[in-house]
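J.: Dropping in data.cif, which is mmCIF, N, CA and C atoms:
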```
data_coords
loop_
_atom_site.label_atom_id
_atom_site.label_comp_id
_atom_site.auth_asym_id
_atom_site.auth_seq_id
_atom_site.Cartn_x
_atom_site.Cartn_y
_atom_site.Cartn_z
N MET N 11 -189.60 69.02 17.88
CA MET N 11 -189.98 67.84 17.13
C MET N 11 -189.03 67.64 15.96
N LYS N 12 -188.58 66.44 15.79
CA LYS N 12 -187.66 66.15 14.71
C LYS N 12 -188.38 66.13 13.36
N ASP N 13 -187.67 66.53 12.35
CA ASP N 13 -188.17 66.46 10.97
C ASP N 13 -187.78 65.09 10.41
N TRP N 14 -188.64 64.11 10.69
CA TRP N 14 -188.33 62.73 10.31
C TRP N 14 -188.18 62.55 8.81
N ALA N 15 -188.94 63.32 8.03
CA ALA N 15 -188.84 63.20 6.56
C ALA N 15 -187.44 63.57 6.09
N SER N 16 -186.89 64.65 6.62
CA SER N 16 -185.54 65.07 6.24
C SER N 16 -184.50 64.08 6.73
N ILE N 17 -184.67 63.61 7.94
CA ILE N 17 -183.73 62.64 8.49
C ILE N 17 -183.76 61.36 7.66
N ARG N 18 -184.96 60.91 7.31
CA ARG N 18 -185.09 59.69 6.50
C ARG N 18 -184.44 59.88 5.13
N GLU N 19 -184.71 61.01 4.51
CA GLU N 19 -184.15 61.28 3.19
C GLU N 19 -182.63 61.21 3.23
N ARG N 20 -182.03 61.84 4.22
CA ARG N 20 -180.57 61.83 4.35
C ARG N 20 -180.06 60.42 4.67
N TYR N 21 -180.72 59.75 5.59
CA TYR N 21 -180.29 58.41 6.02
C TYR N 21 -180.34 57.41 4.86
N MET N 22 -181.36 57.49 4.05
CA MET N 22 -181.56 56.52 2.98
C MET N 22 -180.62 56.75 1.79
N ARG N 23 -179.91 57.84 1.76
CA ARG N 23 -178.93 58.08 0.68
C ARG N 23 -177.74 57.13 0.77
N ASP N 24 -177.45 56.69 1.98
CA ASP N 24 -176.29 55.83 2.19
C ASP N 24 -176.61 54.39 1.83
N PRO N 25 -175.57 53.64 1.43
CA PRO N 25 -175.79 52.20 1.19
C PRO N 25 -176.11 51.49 2.51
N LEU N 26 -176.69 50.33 2.40
CA LEU N 26 -177.13 49.56 3.57
C LEU N 26 -176.03 49.39 4.63
N PRO N 27 -174.81 49.02 4.27
CA PRO N 27 -173.79 48.85 5.31
C PRO N 27 -173.52 50.14 6.10
N VAL N 28 -173.53 51.27 5.43
CA VAL N 28 -173.30 52.54 6.11
C VAL N 28 -174.48 52.87 7.03
N ARG N 29 -175.70 52.57 6.58
CA ARG N 29 -176.87 52.80 7.43
C ARG N 29 -176.80 51.94 8.69
N LEU N 30 -176.38 50.68 8.52
CA LEU N 30 -176.23 49.81 9.68
C LEU N 30 -175.13 50.33 10.60
N GLY N 31 -174.08 50.88 10.02
CA GLY N 31 -173.02 51.49 10.82
C GLY N 31 -173.55 52.68 11.63
N GLY N 32 -174.44 53.46 11.02
CA GLY N 32 -175.06 54.58 11.73
C GLY N 32 -175.92 54.11 12.89
N LEU N 33 -176.65 53.02 12.67
CA LEU N 33 -177.46 52.44 13.74
C LEU N 33 -176.55 51.95 14.87
N ALA N 34 -175.45 51.28 14.51
CA ALA N 34 -174.51 50.80 15.52
C ALA N 34 -173.94 51.98 16.32
N ALA N 35 -173.66 53.08 15.64
CA ALA N 35 -173.14 54.27 16.34
C ALA N 35 -174.18 54.81 17.32
N ASN N 36 -175.44 54.85 16.91
CA ASN N 36 -176.50 55.30 17.82
C ASN N 36 -176.56 54.41 19.07
N LEU N 37 -176.46 53.12 18.87
CA LEU N 37 -176.52 52.19 19.99
C LEU N 37 -175.33 52.40 20.93
N SER N 38 -174.18 52.69 20.36
CA SER N 38 -173.00 52.98 21.17
C SER N 38 -173.19 54.29 21.94
N ARG N 39 -173.84 55.26 21.33
CA ARG N 39 -174.13 56.52 22.02
C ARG N 39 -175.09 56.30 23.18
N ILE N 40 -176.04 55.40 23.00
CA ILE N 40 -176.96 55.09 24.10
C ILE N 40 -176.15 54.61 25.31
N LYS N 41 -175.20 53.73 25.05
CA LYS N 41 -174.36 53.24 26.14
C LYS N 41 -173.62 54.37 26.83
N SER N 42 -172.95 55.20 26.04
CA SER N 42 -172.12 56.24 26.67
C SER N 42 -172.95 57.31 27.36
N PHE N 43 -174.05 57.73 26.77
CA PHE N 43 -174.87 58.77 27.39
C PHE N 43 -175.63 58.26 28.61
N SER N 44 -175.85 56.97 28.70
CA SER N 44 -176.59 56.41 29.84
C SER N 44 -175.86 56.61 31.16
N ALA N 45 -174.58 56.86 31.11
CA ALA N 45 -173.82 57.06 32.34
C ALA N 45 -174.08 58.42 32.99
N ASN N 46 -174.68 59.33 32.26
CA ASN N 46 -174.90 60.69 32.75
C ASN N 46 -176.37 60.89 33.10
N ASP N 47 -176.66 61.18 34.36
CA ASP N 47 -178.05 61.38 34.80
C ASP N 47 -178.79 62.44 33.99
N ALA N 48 -178.08 63.44 33.51
CA ALA N 48 -178.70 64.55 32.79
C ALA N 48 -179.04 64.21 31.33
N SER N 49 -178.69 63.02 30.87
CA SER N 49 -178.87 62.66 29.46
C SER N 49 -180.14 61.85 29.18
N ARG N 50 -181.08 61.86 30.10
CA ARG N 50 -182.29 61.05 29.96
C ARG N 50 -182.99 61.29 28.61
N GLU N 51 -183.24 62.54 28.29
CA GLU N 51 -183.96 62.85 27.04
C GLU N 51 -183.12 62.54 25.81
N THR N 52 -181.82 62.73 25.92
CA THR N 52 -180.93 62.42 24.79
C THR N 52 -180.98 60.92 24.49
N VAL N 53 -180.90 60.12 25.53
CA VAL N 53 -180.94 58.66 25.34
C VAL N 53 -182.31 58.24 24.80
N ALA N 54 -183.38 58.81 25.34
CA ALA N 54 -184.72 58.50 24.84
C ALA N 54 -184.84 58.84 23.36
N SER N 55 -184.26 59.97 22.97
CA SER N 55 -184.29 60.39 21.57
C SER N 55 -183.47 59.43 20.69
N LEU N 56 -182.34 58.98 21.17
CA LEU N 56 -181.52 58.02 20.42
C LEU N 56 -182.25 56.70 20.24
N ILE N 57 -182.97 56.28 21.26
CA ILE N 57 -183.76 55.04 21.15
C ILE N 57 -184.83 55.21 20.07
N ASP N 58 -185.52 56.33 20.10
CA ASP N 58 -186.56 56.59 19.11
C ASP N 58 -185.97 56.65 17.70
N GLU N 59 -184.88 57.36 17.54
CA GLU N 59 -184.23 57.47 16.24
C GLU N 59 -183.75 56.10 15.75
N SER N 60 -183.21 55.30 16.64
CA SER N 60 -182.74 53.96 16.27
C SER N 60 -183.89 53.10 15.77
N LYS N 61 -185.03 53.20 16.42
CA LYS N 61 -186.22 52.46 15.94
C LYS N 61 -186.58 52.88 14.52
N MET N 62 -186.49 54.17 14.25
CA MET N 62 -186.80 54.66 12.91
C MET N 62 -185.78 54.14 11.90
N PHE N 63 -184.50 54.17 12.25
CA PHE N 63 -183.46 53.65 11.36
C PHE N 63 -183.75 52.20 10.99
N ILE N 64 -184.18 51.43 11.96
CA ILE N 64 -184.50 50.02 11.71
C ILE N 64 -185.70 49.92 10.77
N GLU N 65 -186.72 50.70 11.03
CA GLU N 65 -187.92 50.67 10.19
C GLU N 65 -187.56 50.97 8.73
N TRP N 66 -186.70 51.94 8.53
CA TRP N 66 -186.34 52.34 7.17
C TRP N 66 -185.38 51.36 6.50
N THR N 67 -184.66 50.58 7.27
CA THR N 67 -183.59 49.74 6.75
C THR N 67 -183.97 48.28 6.61
N ALA N 68 -184.75 47.75 7.52
CA ALA N 68 -184.99 46.30 7.58
C ALA N 68 -185.55 45.72 6.29
N ALA N 69 -186.42 46.46 5.62
CA ALA N 69 -187.05 45.94 4.40
C ALA N 69 -186.04 45.72 3.27
N GLN N 70 -184.91 46.40 3.32
CA GLN N 70 -183.90 46.26 2.26
C GLN N 70 -182.78 45.30 2.63
N ALA N 71 -182.86 44.75 3.81
CA ALA N 71 -181.80 43.85 4.30
C ALA N 71 -182.14 42.40 3.96
N GLU N 72 -181.11 41.57 3.97
CA GLU N 72 -181.32 40.12 3.82
C GLU N 72 -182.17 39.64 5.00
N ILE N 73 -182.88 38.54 4.82
CA ILE N 73 -183.81 38.07 5.84
C ILE N 73 -183.16 37.87 7.21
N PRO N 74 -182.01 37.22 7.32
CA PRO N 74 -181.42 37.07 8.66
C PRO N 74 -181.09 38.42 9.32
N THR N 75 -180.63 39.37 8.53
CA THR N 75 -180.34 40.70 9.06
C THR N 75 -181.62 41.39 9.48
N ALA N 76 -182.64 41.30 8.65
CA ALA N 76 -183.93 41.91 8.97
C ALA N 76 -184.50 41.33 10.25
N GLU N 77 -184.35 40.02 10.43
CA GLU N 77 -184.83 39.38 11.66
C GLU N 77 -184.13 39.96 12.89
N LYS N 78 -182.80 40.11 12.80
CA LYS N 78 -182.04 40.68 13.92
C LYS N 78 -182.48 42.11 14.20
N LEU N 79 -182.70 42.87 13.13
CA LEU N 79 -183.10 44.27 13.29
C LEU N 79 -184.47 44.38 13.94
N VAL N 80 -185.38 43.51 13.55
CA VAL N 80 -186.72 43.53 14.16
C VAL N 80 -186.62 43.13 15.63
N GLU N 81 -185.79 42.17 15.95
CA GLU N 81 -185.57 41.78 17.35
C GLU N 81 -185.06 42.98 18.15
N LEU N 82 -184.12 43.71 17.56
CA LEU N 82 -183.60 44.91 18.22
C LEU N 82 -184.68 45.97 18.37
N GLN N 83 -185.48 46.15 17.34
CA GLN N 83 -186.54 47.16 17.40
C GLN N 83 -187.54 46.84 18.52
N VAL N 84 -187.86 45.58 18.70
CA VAL N 84 -188.75 45.18 19.79
C VAL N 84 -188.11 45.50 21.14
N GLN N 85 -186.81 45.22 21.26
CA GLN N 85 -186.11 45.54 22.50
C GLN N 85 -186.16 47.04 22.80
N LEU N 86 -185.93 47.85 21.78
CA LEU N 86 -185.97 49.30 21.94
C LEU N 86 -187.37 49.76 22.37
N ALA N 87 -188.39 49.17 21.77
CA ALA N 87 -189.77 49.52 22.13
C ALA N 87 -190.08 49.14 23.58
N ARG N 88 -189.57 48.00 24.01
CA ARG N 88 -189.76 47.60 25.41
C ARG N 88 -189.10 48.59 26.36
N TRP N 89 -187.91 49.04 25.99
CA TRP N 89 -187.24 50.04 26.82
C TRP N 89 -188.06 51.32 26.87
N GLN N 90 -188.61 51.72 25.75
CA GLN N 90 -189.42 52.94 25.73
C GLN N 90 -190.62 52.82 26.66
N LEU N 91 -191.27 51.68 26.64
CA LEU N 91 -192.46 51.49 27.48
C LEU N 91 -192.14 51.57 28.97
N ALA N 92 -190.93 51.17 29.34
CA ALA N 92 -190.54 51.15 30.75
C ALA N 92 -189.53 52.25 31.07
N TRP N 93 -189.45 53.26 30.21
CA TRP N 93 -188.36 54.22 30.29
C TRP N 93 -188.25 54.94 31.64
N ASP N 94 -189.34 55.41 32.18
CA ASP N 94 -189.27 56.13 33.46
C ASP N 94 -188.65 55.26 34.55
N GLY N 95 -189.07 54.02 34.63
CA GLY N 95 -188.53 53.11 35.63
C GLY N 95 -187.08 52.74 35.37
N ILE N 96 -186.74 52.58 34.10
CA ILE N 96 -185.35 52.24 33.75
C ILE N 96 -184.42 53.38 34.15
N TRP N 97 -184.79 54.59 33.76
CA TRP N 97 -183.89 55.71 34.02
C TRP N 97 -183.73 55.98 35.52
N ALA N 98 -184.78 55.74 36.29
CA ALA N 98 -184.73 56.00 37.73
C ALA N 98 -183.92 54.95 38.49
N ASP N 99 -183.70 53.80 37.88
CA ASP N 99 -183.01 52.69 38.54
C ASP N 99 -181.61 52.53 37.93
N THR N 100 -180.59 52.83 38.70
CA THR N 100 -179.21 52.80 38.21
C THR N 100 -178.84 51.43 37.65
N PHE N 101 -179.28 50.37 38.31
CA PHE N 101 -178.97 49.02 37.84
C PHE N 101 -179.61 48.75 36.49
N LYS N 102 -180.89 49.08 36.34
CA LYS N 102 -181.58 48.86 35.07
C LYS N 102 -180.98 49.69 33.95
N ARG N 103 -180.61 50.92 34.28
CA ARG N 103 -179.99 51.79 33.28
C ARG N 103 -178.66 51.21 32.82
N LYS N 104 -177.90 50.66 33.77
CA LYS N 104 -176.62 50.03 33.41
C LYS N 104 -176.86 48.81 32.52
N GLN N 105 -177.92 48.05 32.79
CA GLN N 105 -178.25 46.91 31.94
C GLN N 105 -178.57 47.36 30.51
N VAL N 106 -179.33 48.45 30.39
CA VAL N 106 -179.65 48.99 29.06
C VAL N 106 -178.36 49.42 28.36
N ALA N 107 -177.48 50.07 29.08
CA ALA N 107 -176.21 50.52 28.50
C ALA N 107 -175.40 49.33 27.99
N GLU N 108 -175.30 48.28 28.80
CA GLU N 108 -174.53 47.11 28.41
C GLU N 108 -175.17 46.39 27.22
N LYS N 109 -176.48 46.27 27.24
CA LYS N 109 -177.17 45.61 26.12
C LYS N 109 -177.04 46.45 24.85
N SER N 110 -177.08 47.76 24.98
CA SER N 110 -176.90 48.63 23.81
C SER N 110 -175.53 48.42 23.20
N ALA N 111 -174.52 48.30 24.04
CA ALA N 111 -173.16 48.04 23.55
C ALA N 111 -173.10 46.71 22.82
N ASP N 112 -173.75 45.68 23.37
CA ASP N 112 -173.79 44.37 22.71
C ASP N 112 -174.47 44.47 21.34
N TRP N 113 -175.61 45.15 21.31
CA TRP N 113 -176.33 45.32 20.06
C TRP N 113 -175.48 46.10 19.05
N SER N 114 -174.79 47.12 19.52
CA SER N 114 -173.94 47.92 18.64
C SER N 114 -172.91 47.03 17.95
N LYS N 115 -172.26 46.17 18.72
CA LYS N 115 -171.26 45.26 18.16
C LYS N 115 -171.88 44.32 17.15
N GLN N 116 -173.05 43.77 17.47
CA GLN N 116 -173.71 42.84 16.56
C GLN N 116 -174.08 43.53 15.24
N VAL N 117 -174.66 44.72 15.34
CA VAL N 117 -175.08 45.44 14.14
C VAL N 117 -173.87 45.83 13.30
N LEU N 118 -172.80 46.24 13.95
CA LEU N 118 -171.58 46.59 13.22
C LEU N 118 -171.02 45.37 12.50
N GLU N 119 -171.04 44.23 13.14
CA GLU N 119 -170.59 42.99 12.49
C GLU N 119 -171.47 42.65 11.30
N ILE N 120 -172.77 42.75 11.47
CA ILE N 120 -173.72 42.47 10.39
C ILE N 120 -173.49 43.41 9.20
N SER N 121 -173.12 44.66 9.50
CA SER N 121 -172.95 45.65 8.43
C SER N 121 -171.87 45.27 7.44
N GLY N 122 -170.87 44.52 7.89
CA GLY N 122 -169.75 44.18 7.05
C GLY N 122 -168.69 45.27 6.97
N LEU N 123 -168.90 46.38 7.64
CA LEU N 123 -167.94 47.49 7.58
C LEU N 123 -166.59 47.12 8.20
N LEU N 124 -166.60 46.17 9.13
CA LEU N 124 -165.35 45.77 9.77
C LEU N 124 -164.48 44.94 8.83
N ASN N 125 -165.07 44.39 7.77
CA ASN N 125 -164.37 43.52 6.84
C ASN N 125 -163.80 44.26 5.64
N ARG N 126 -163.95 45.56 5.61
CA ARG N 126 -163.51 46.33 4.43
C ARG N 126 -162.09 46.76 4.57
#
```
Take the structure in the file and give it back as structure tokens.

T.:
Amino acid sequence: MKDWASIRERYMRDPLPVRLGGLAANLSRIKSFSANDASRETVASLIDESKMFIEWTAAQAEIPTAEKLVELQVQLARWQLAWDGIWADTFKRKQVAEKSADWSKQVLEISGLLNR
């Protein structure tokens, strides 16, 4: 079981753009790990952690950013609810991987880290 309090404490030390960059990195990891059949639990854990990152971050973001983050959080929750079926179906898993990559790019753009 993860120590969410410690993870949150560490995550919240960073400024908002860096936290969004961390979320984007998690989403990119979901894409890359989804290609490996043995990474089911790792990907599930990354989805869960990403939801937590959003929960901790959205309240401090500008409204348009918070809206995007909540939309992403809902998508992650939908994947969790259907996880067994997604992982068992190569096509669905590939769709999750591709969507994760799209979300990663969007979150990274929102972060402003690319403009520094």

J.: Determine the nearest neighbour of Ser44 of chain N from the options N:Ile57, N:Ile120, N:Leu79, N:Ala15, counting only C-alpha atoms.

T.: N:Ile57

J.: As a check of understanding, name the residues that the PyMOL selection byres (((chain N and resi 34-41 and name CA) around 6) and name CA) selects in the supplied structure, as JSON, numbers by chain.

T.: {"N": [31, 32, 33, 42, 43, 44, 53, 107, 110, 111, 114, 117, 118]}

J.: Expand the PyMOL selection byres (((chain N and resi 63 and name CA) around 9) and name CA) into the explicit residue set it covers here, and present it as a PyMOL selection string.

T.: chain N and resi 18+21+29-30+32-33+58-62+64-68

J.: Quick one: pull the distance between atom CA of Pro27 of chain N and atom N of Val80 of chain N, Å, one decimal.

T.: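 These atoms are spaced 15.2 Å apart.
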
J.: For segment 92-105 of chain N, please output as a list of chain:residue names all residues within 8 Å (counting all atoms listed in the file; exclusion window: fewer than 2 positions along the same chain).

T.: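 Final neighbour list, sorted by chain and number: N:Ser44, N:Ala45, N:Asp47, N:Arg50, N:Ala54, N:Leu86, N:Ala87, N:Arg88, N:Trp89, N:Gln90, N:Ala107, N:Glu108, N:Lys109, N:Ser110, N:Ala111.
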
J.: Can you tell me, as a VMD selection string, which residues in chain N count as helix (DSSP H, G or I) by DSSP?

T.: chain N and resid 14 to 21 26 to 43 47 to 68 73 to 91 93 to 98 100 to 121 123 to 125

J.: In Å, rounded to a single decimal, give me how far atom N of Met11 of chain N is from atom CA of Ala76 of chain N.

T.: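 Interatomic distance, atom CA of Ala76 of chain N to atom N of Met11 of chain N: 29.1 Å.
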
J.: Work out where the centre of an axis-aligned box around every listed atom of segment 112-116 of chain N lies and how long its edges are once 8 Å is added on each side; give both in Å to one decimal as lines of an AutoDock Vina configuration file.

T.:
```
center_x = -173.8
center_y = 45.4
center_z = 19.3
size_x = 21.1
size_y = 21.1
size_z = 24.1
```

J.: By how many Å are atom N of Leu82 of chain N and atom C of Trp113 of chain N apart?

T.: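 A separation of 9.1 Å between them.
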
J.: Counting all atoms listed in the file, figure out which residue out of N:Gln85, N:Ser49, N:Gln70, N:Gln116 gets nearest to Leu26 of chain N.

T.: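 Going through N:Gln85, N:Ser49, N:Gln70, N:Gln116 one by one, the smallest distance to Leu26 of chain N is for N:Gln70.
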